[in-house]
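Asks: Below is the structure I would like to discuss, written out as C-alpha cells.
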Amino acid sequence: MRHLMNPLDFTVEELDSLFDLANDIEKYPAKYAHACEGKKLATCFYEPSTRTRLSFESAMLSLGGQVLGFSDAGSSSASKGESVSDTIRVISCFADICAMRHPKEGAPMVAADKSSIPVINAGDGGHQHPTQTLTDLLTIRSMKGRLGHFTIGLCGDLKFGRTVHSLINALVRYPDIHFVFISPPELKVPDYITDMLTEKGISYEEVIRLETCMPDLDLLYMTRVQRERFFNEEDYVRLKDFYILNKAKMAPAKKDMLVLHPLPRVNEISVEVDDDPRAVYFKQVQYGVYVRMALILTLLDIDIETMESQHGKE
Ligand code: CP
C-alpha cells in the first residue's frame, strides 16, 4: 500500500507515467468512467478548501466511485478530542482511500502510519501540498511541453506558502531551472530551501520588485498572502496588497509566459488579467481533476488496460 505525503514520494519516471495517465484521462474520459465502481473516497478536511476537496470528489465521481467525508473539523469528532490516529482507523473501515487536509504539519503522515488504506496529504499547515504540486507540474508539462529548461518566478508569500515549498522541492529534480523568488523581506523563502538549492548547485535570485524580472520569466507562479498563517493582523494588512499583477505589469512579459496560481486569489492578480491567454490559473484547476483521477487510480492500483482485457474475456 502506498500513500502520498510529499511530491518526492514519486520518482521522476513515476511522475511521467502519472502525467501520461492524466493526459489520457483528459483525452478519453469515457474510458475511465467506471474504473472505480464500488470504491469509496473519504475526504477528511480539518481546514477550509474549495478546489482540493471538491476536485478530489469530482475526480472520484468521474471514475464511477463514491465519496464521503467532512469539510470542517468542528463537524467531526475532532471537536470532541478524537486523535487523527483514531480517526483514520475508523475511516479505514468506511472507505478505500482518504484525502486529508490538516492545519498541523505532519498530521497526514501520522494518519498514514496507522491507516490500512492509502492516505493522500491534501495540505498540511505551511509544510506541503503535494497534489497541488502534481497539478502545477501537469499544467506546466501540458502547456509548455516540458518540465525543465525555464526561468520561474515565484511571487508573494514564499515563507508560509506550502504550495511554493512543494513546487520548489519537486522542480529541483528537472534540468536547467532558474528560480526567481519575488517577495517582501518578511515573506522570503525559508533558509532551508535556499540552503538546499545552494547545496545542489541550482541557481536562484531573490528580488523584491516584480517589475524588475518580468521580461526574463517563462513562468510566473503567483500566490496569496495567507491571513490564516499570520500571528498578528497588523502584519497581514501591511503585506496583503504588496503585489498586484495587472495588465500594465504583464506588458513586458514574454508572449508565451504562463501565469499560474494555486488559487484562491484575493487581490494579487487583477481580474483584468483573466482574459490574457497567458493566464492559465483556471485551466490549472481542470488539470487538478485529471491528475487526482490519475493519482486515485495509481494508489488503488487500478490499471484500466488490465480491466478492459478482463472484461473482454468475460
Ligand atoms: N489550491 C488550493 O489548495 O485551494 P483550496 O484551499 O480551495 O483547496
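Ligands are numbered from 1 in the order shown, residues from 1 within each chain, and chains are lettered A, B, ... in the order they appear in the C-alpha cells.
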So that I can see what lies close to Leu137 in chain A, please list as an NGL selection string the residues with an atom at most 12 Å from it, counting only C-alpha atoms and leaving out residues fewer than 4 positions away in the same chain.

Replies: :A and (7 or 12 or 15-16 or 18-20 or 22 or 130-133 or 141-148 or 163 or 166-171 or 173-174 or 219 or 221 or 260 or 262 or 284 or 287-288 or 291)

Asks: Just want the residues within 7 Å of ligand 1, written as a PyMOL selection string, counting only C-alpha atoms and all ligand atoms.

Replies: chain A and resi 48-53+132+262-264

Asks: For N, CA, C and O atoms, I'd like the residues from the last selection saved as a PDB file, in the first residue's frame.

Replies:
```
ATOM      1  N   PRO A  48     -10.356  24.730   5.826  1.00  0.00           N
ATOM      2  CA  PRO A  48     -11.206  25.047   4.672  1.00  0.00           C
ATOM      3  C   PRO A  48     -10.559  24.743   3.326  1.00  0.00           C
ATOM      4  O   PRO A  48      -9.338  24.774   3.193  1.00  0.00           O
ATOM      5  N   SER A  49     -11.394  24.461   2.348  1.00  0.00           N
ATOM      6  CA  SER A  49     -10.923  24.173   0.987  1.00  0.00           C
ATOM      7  C   SER A  49     -12.111  24.273   0.046  1.00  0.00           C
ATOM      8  O   SER A  49     -13.233  23.914   0.414  1.00  0.00           O
ATOM      9  N   THR A  50     -11.861  24.753  -1.160  1.00  0.00           N
ATOM     10  CA  THR A  50     -12.849  24.626  -2.232  1.00  0.00           C
ATOM     11  C   THR A  50     -12.307  23.667  -3.284  1.00  0.00           C
ATOM     12  O   THR A  50     -12.869  22.611  -3.545  1.00  0.00           O
ATOM     13  N   ARG A  51     -11.162  24.029  -3.887  1.00  0.00           N
ATOM     14  CA  ARG A  51     -10.603  23.264  -5.005  1.00  0.00           C
ATOM     15  C   ARG A  51     -10.199  21.845  -4.634  1.00  0.00           C
ATOM     16  O   ARG A  51     -10.564  20.887  -5.306  1.00  0.00           O
ATOM     17  N   THR A  52      -9.371  21.727  -3.604  1.00  0.00           N
ATOM     18  CA  THR A  52      -8.751  20.426  -3.350  1.00  0.00           C
ATOM     19  C   THR A  52      -9.822  19.396  -2.997  1.00  0.00           C
ATOM     20  O   THR A  52      -9.865  18.314  -3.579  1.00  0.00           O
ATOM     21  N   ARG A  53     -10.695  19.761  -2.068  1.00  0.00           N
ATOM     22  CA  ARG A  53     -11.713  18.785  -1.649  1.00  0.00           C
ATOM     23  C   ARG A  53     -12.663  18.458  -2.804  1.00  0.00           C
ATOM     24  O   ARG A  53     -12.910  17.293  -3.119  1.00  0.00           O
ATOM     25  N   GLN A 132      -1.373  19.699  -5.112  1.00  0.00           N
ATOM     26  CA  GLN A 132      -1.300  20.979  -5.830  1.00  0.00           C
ATOM     27  C   GLN A 132      -0.054  20.975  -6.713  1.00  0.00           C
ATOM     28  O   GLN A 132      -0.079  21.430  -7.861  1.00  0.00           O
ATOM     29  N   PRO A 262      -2.149  28.830  -7.451  1.00  0.00           N
ATOM     30  CA  PRO A 262      -2.877  27.683  -6.900  1.00  0.00           C
ATOM     31  C   PRO A 262      -4.324  28.031  -6.554  1.00  0.00           C
ATOM     32  O   PRO A 262      -5.147  27.127  -6.404  1.00  0.00           O
ATOM     33  N   LEU A 263      -4.619  29.330  -6.427  1.00  0.00           N
ATOM     34  CA  LEU A 263      -5.924  29.826  -6.001  1.00  0.00           C
ATOM     35  C   LEU A 263      -6.237  29.320  -4.578  1.00  0.00           C
ATOM     36  O   LEU A 263      -5.706  28.281  -4.202  1.00  0.00           O
ATOM     37  N   PRO A 264      -7.054  29.952  -3.784  1.00  0.00           N
ATOM     38  CA  PRO A 264      -7.846  31.128  -4.142  1.00  0.00           C
ATOM     39  C   PRO A 264      -6.995  32.388  -4.265  1.00  0.00           C
ATOM     40  O   PRO A 264      -5.984  32.507  -3.586  1.00  0.00           O
TER      41      PRO A 264
END
```

Asks: With DSSP run on the backbone, what are the helix (DSSP H, G or I) residues within range 87-258 of chain A? I'd like them as a compact mmCIF listing (two decimals) with N, CA and C atoms, in the first residue's frame.

Replies:
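Wrote states-v6.txt, looks like this:
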```
# COMPACT_ATOMS: atom_id res chain seq x y z
N THR A 87 -9.06 8.56 14.22
CA THR A 87 -10.00 8.88 13.13
C THR A 87 -9.67 8.06 11.88
N ILE A 88 -8.40 7.96 11.52
CA ILE A 88 -8.06 7.24 10.28
C ILE A 88 -8.34 5.74 10.43
N ARG A 89 -8.20 5.20 11.63
CA ARG A 89 -8.54 3.78 11.82
C ARG A 89 -10.03 3.57 11.54
N VAL A 90 -10.82 4.56 11.97
CA VAL A 90 -12.27 4.48 11.74
C VAL A 90 -12.58 4.66 10.24
N ILE A 91 -11.95 5.66 9.65
CA ILE A 91 -12.19 5.94 8.21
C ILE A 91 -11.78 4.73 7.36
N SER A 92 -10.75 4.01 7.81
CA SER A 92 -10.30 2.81 7.08
C SER A 92 -11.41 1.75 6.98
N CYS A 93 -12.37 1.80 7.91
CA CYS A 93 -13.50 0.85 7.86
C CYS A 93 -14.57 1.31 6.87
N PHE A 94 -14.51 2.60 6.50
CA PHE A 94 -15.60 3.15 5.67
C PHE A 94 -15.22 3.35 4.21
N ALA A 107 0.38 15.97 10.23
CA ALA A 107 -0.80 15.20 10.67
C ALA A 107 -1.17 14.10 9.66
N PRO A 108 -1.16 14.37 8.34
CA PRO A 108 -1.49 13.27 7.40
C PRO A 108 -0.47 12.13 7.49
N MET A 109 0.76 12.44 7.83
CA MET A 109 1.80 11.41 7.99
C MET A 109 1.48 10.53 9.20
N VAL A 110 1.03 11.15 10.29
CA VAL A 110 0.62 10.40 11.48
C VAL A 110 -0.53 9.46 11.10
N ALA A 111 -1.47 10.01 10.30
CA ALA A 111 -2.62 9.19 9.88
C ALA A 111 -2.14 8.02 9.02
N ALA A 112 -1.24 8.29 8.09
CA ALA A 112 -0.76 7.24 7.18
C ALA A 112 -0.15 6.08 7.96
N ASP A 113 0.53 6.42 9.04
CA ASP A 113 1.20 5.42 9.85
C ASP A 113 0.22 4.41 10.47
N LYS A 114 -1.00 4.87 10.73
CA LYS A 114 -1.99 3.99 11.39
C LYS A 114 -3.06 3.50 10.42
N PRO A 130 1.19 18.28 -1.81
CA PRO A 130 1.67 17.51 -2.96
C PRO A 130 0.72 17.45 -4.14
N THR A 131 -0.61 17.37 -3.90
CA THR A 131 -1.49 17.25 -5.08
C THR A 131 -1.60 18.58 -5.82
N GLN A 132 -1.37 19.70 -5.11
CA GLN A 132 -1.30 20.98 -5.83
C GLN A 132 -0.05 20.97 -6.71
N THR A 133 1.03 20.42 -6.19
CA THR A 133 2.26 20.36 -6.98
C THR A 133 2.08 19.47 -8.20
N LEU A 134 1.41 18.34 -8.03
CA LEU A 134 1.14 17.48 -9.19
C LEU A 134 0.33 18.27 -10.22
N THR A 135 -0.64 19.04 -9.74
CA THR A 135 -1.46 19.88 -10.62
C THR A 135 -0.59 20.89 -11.36
N ASP A 136 0.30 21.54 -10.62
CA ASP A 136 1.17 22.57 -11.22
C ASP A 136 2.09 21.94 -12.27
N LEU A 137 2.67 20.80 -11.93
CA LEU A 137 3.61 20.15 -12.87
C LEU A 137 2.87 19.68 -14.12
N LEU A 138 1.68 19.11 -13.93
CA LEU A 138 0.92 18.64 -15.10
C LEU A 138 0.55 19.84 -15.99
N THR A 139 0.16 20.95 -15.38
CA THR A 139 -0.21 22.14 -16.16
C THR A 139 1.00 22.62 -16.96
N ILE A 140 2.15 22.71 -16.31
CA ILE A 140 3.36 23.20 -17.00
C ILE A 140 3.73 22.24 -18.12
N ARG A 141 3.74 20.94 -17.81
CA ARG A 141 4.14 19.95 -18.82
C ARG A 141 3.18 19.95 -20.01
N SER A 142 1.87 20.05 -19.72
CA SER A 142 0.88 20.00 -20.80
C SER A 142 0.93 21.27 -21.65
N MET A 143 1.18 22.41 -21.01
CA MET A 143 1.09 23.68 -21.76
C MET A 143 2.42 24.13 -22.34
N LYS A 144 3.52 23.70 -21.73
CA LYS A 144 4.85 24.09 -22.24
C LYS A 144 5.51 22.94 -23.00
N ARG A 162 2.78 26.74 1.38
CA ARG A 162 3.14 25.32 1.23
C ARG A 162 3.17 24.91 -0.24
N THR A 163 2.35 25.57 -1.07
CA THR A 163 2.36 25.21 -2.50
C THR A 163 3.71 25.56 -3.11
N VAL A 164 4.28 26.67 -2.67
CA VAL A 164 5.58 27.11 -3.16
C VAL A 164 6.67 26.15 -2.70
N HIS A 165 6.64 25.77 -1.43
CA HIS A 165 7.67 24.87 -0.90
C HIS A 165 7.63 23.53 -1.63
N SER A 166 6.42 23.01 -1.83
CA SER A 166 6.28 21.72 -2.52
C SER A 166 6.76 21.83 -3.96
N LEU A 167 6.40 22.93 -4.63
CA LEU A 167 6.76 23.06 -6.05
C LEU A 167 8.28 23.18 -6.23
N ILE A 168 8.92 23.96 -5.38
CA ILE A 168 10.38 24.10 -5.49
C ILE A 168 11.04 22.73 -5.30
N ASN A 169 10.60 22.02 -4.25
CA ASN A 169 11.16 20.68 -3.98
C ASN A 169 11.03 19.76 -5.18
N ALA A 170 9.88 19.86 -5.85
CA ALA A 170 9.63 18.97 -7.00
C ALA A 170 10.44 19.40 -8.22
N LEU A 171 10.58 20.71 -8.43
CA LEU A 171 11.23 21.19 -9.66
C LEU A 171 12.74 20.99 -9.66
N PRO A 185 10.74 41.28 2.20
CA PRO A 185 11.71 40.60 3.09
C PRO A 185 11.03 39.75 4.17
N GLU A 186 9.87 40.20 4.66
CA GLU A 186 9.19 39.47 5.75
C GLU A 186 8.65 38.13 5.30
N LEU A 187 8.47 37.96 3.97
CA LEU A 187 7.85 36.72 3.48
C LEU A 187 8.80 35.95 2.56
N ASP A 191 15.22 29.73 4.78
CA ASP A 191 16.66 29.45 4.55
C ASP A 191 16.90 27.99 4.18
N TYR A 192 16.08 27.08 4.75
CA TYR A 192 16.37 25.66 4.45
C TYR A 192 16.20 25.39 2.96
N ILE A 193 15.35 26.17 2.30
CA ILE A 193 15.15 25.97 0.85
C ILE A 193 16.33 26.56 0.07
N THR A 194 16.72 27.78 0.41
CA THR A 194 17.86 28.37 -0.33
C THR A 194 19.15 27.58 -0.04
N ASP A 195 19.28 27.07 1.19
CA ASP A 195 20.46 26.23 1.51
C ASP A 195 20.47 24.98 0.63
N MET A 196 19.29 24.38 0.47
CA MET A 196 19.17 23.16 -0.35
C MET A 196 19.55 23.47 -1.81
N LEU A 197 19.09 24.62 -2.31
CA LEU A 197 19.40 24.99 -3.70
C LEU A 197 20.91 25.20 -3.88
N THR A 198 21.51 25.88 -2.90
CA THR A 198 22.96 26.13 -2.96
C THR A 198 23.72 24.80 -2.95
N GLU A 199 23.29 23.92 -2.06
CA GLU A 199 23.94 22.61 -1.95
C GLU A 199 23.87 21.83 -3.27
N LYS A 200 22.73 21.96 -3.96
CA LYS A 200 22.55 21.21 -5.22
C LYS A 200 23.10 21.97 -6.42
N MET A 214 10.12 40.63 -14.77
CA MET A 214 9.06 40.15 -15.68
C MET A 214 9.57 39.74 -17.06
N PRO A 215 10.43 40.51 -17.74
CA PRO A 215 10.83 40.13 -19.10
C PRO A 215 11.62 38.81 -19.16
N ASP A 216 12.18 38.37 -18.03
CA ASP A 216 13.03 37.17 -18.04
C ASP A 216 12.26 35.87 -17.80
N ARG A 227 -3.77 35.14 5.20
CA ARG A 227 -4.17 35.72 6.50
C ARG A 227 -4.06 34.69 7.63
N GLU A 228 -4.47 33.44 7.33
CA GLU A 228 -4.56 32.41 8.38
C GLU A 228 -3.21 31.98 8.94
N ARG A 229 -2.10 32.35 8.26
CA ARG A 229 -0.78 31.94 8.74
C ARG A 229 -0.10 33.05 9.57
N GLU A 233 -2.71 40.62 12.91
CA GLU A 233 -3.49 41.19 11.81
C GLU A 233 -2.77 42.38 11.16
N GLU A 234 -2.04 43.14 12.01
CA GLU A 234 -1.35 44.35 11.52
C GLU A 234 -0.34 43.99 10.40
N ASP A 235 0.42 42.92 10.63
CA ASP A 235 1.41 42.49 9.63
C ASP A 235 0.70 42.05 8.35
N TYR A 236 -0.39 41.32 8.50
CA TYR A 236 -1.14 40.86 7.33
C TYR A 236 -1.65 42.06 6.52
N VAL A 237 -2.23 43.02 7.18
CA VAL A 237 -2.80 44.19 6.48
C VAL A 237 -1.69 44.95 5.76
N ARG A 238 -0.52 45.05 6.37
CA ARG A 238 0.61 45.77 5.76
C ARG A 238 1.12 45.06 4.50
N LEU A 239 1.03 43.74 4.47
CA LEU A 239 1.66 42.98 3.37
C LEU A 239 0.69 42.44 2.32
N LYS A 247 -2.61 44.40 -15.99
CA LYS A 247 -2.27 44.41 -17.43
C LYS A 247 -0.97 45.14 -17.69
N ALA A 248 -0.77 46.25 -17.01
CA ALA A 248 0.44 47.05 -17.24
C ALA A 248 1.68 46.24 -16.87
N LYS A 249 1.61 45.48 -15.78
CA LYS A 249 2.77 44.69 -15.35
C LYS A 249 2.99 43.50 -16.28
N MET A 250 1.94 43.03 -16.94
CA MET A 250 2.07 41.90 -17.87
C MET A 250 2.72 42.34 -19.19
```
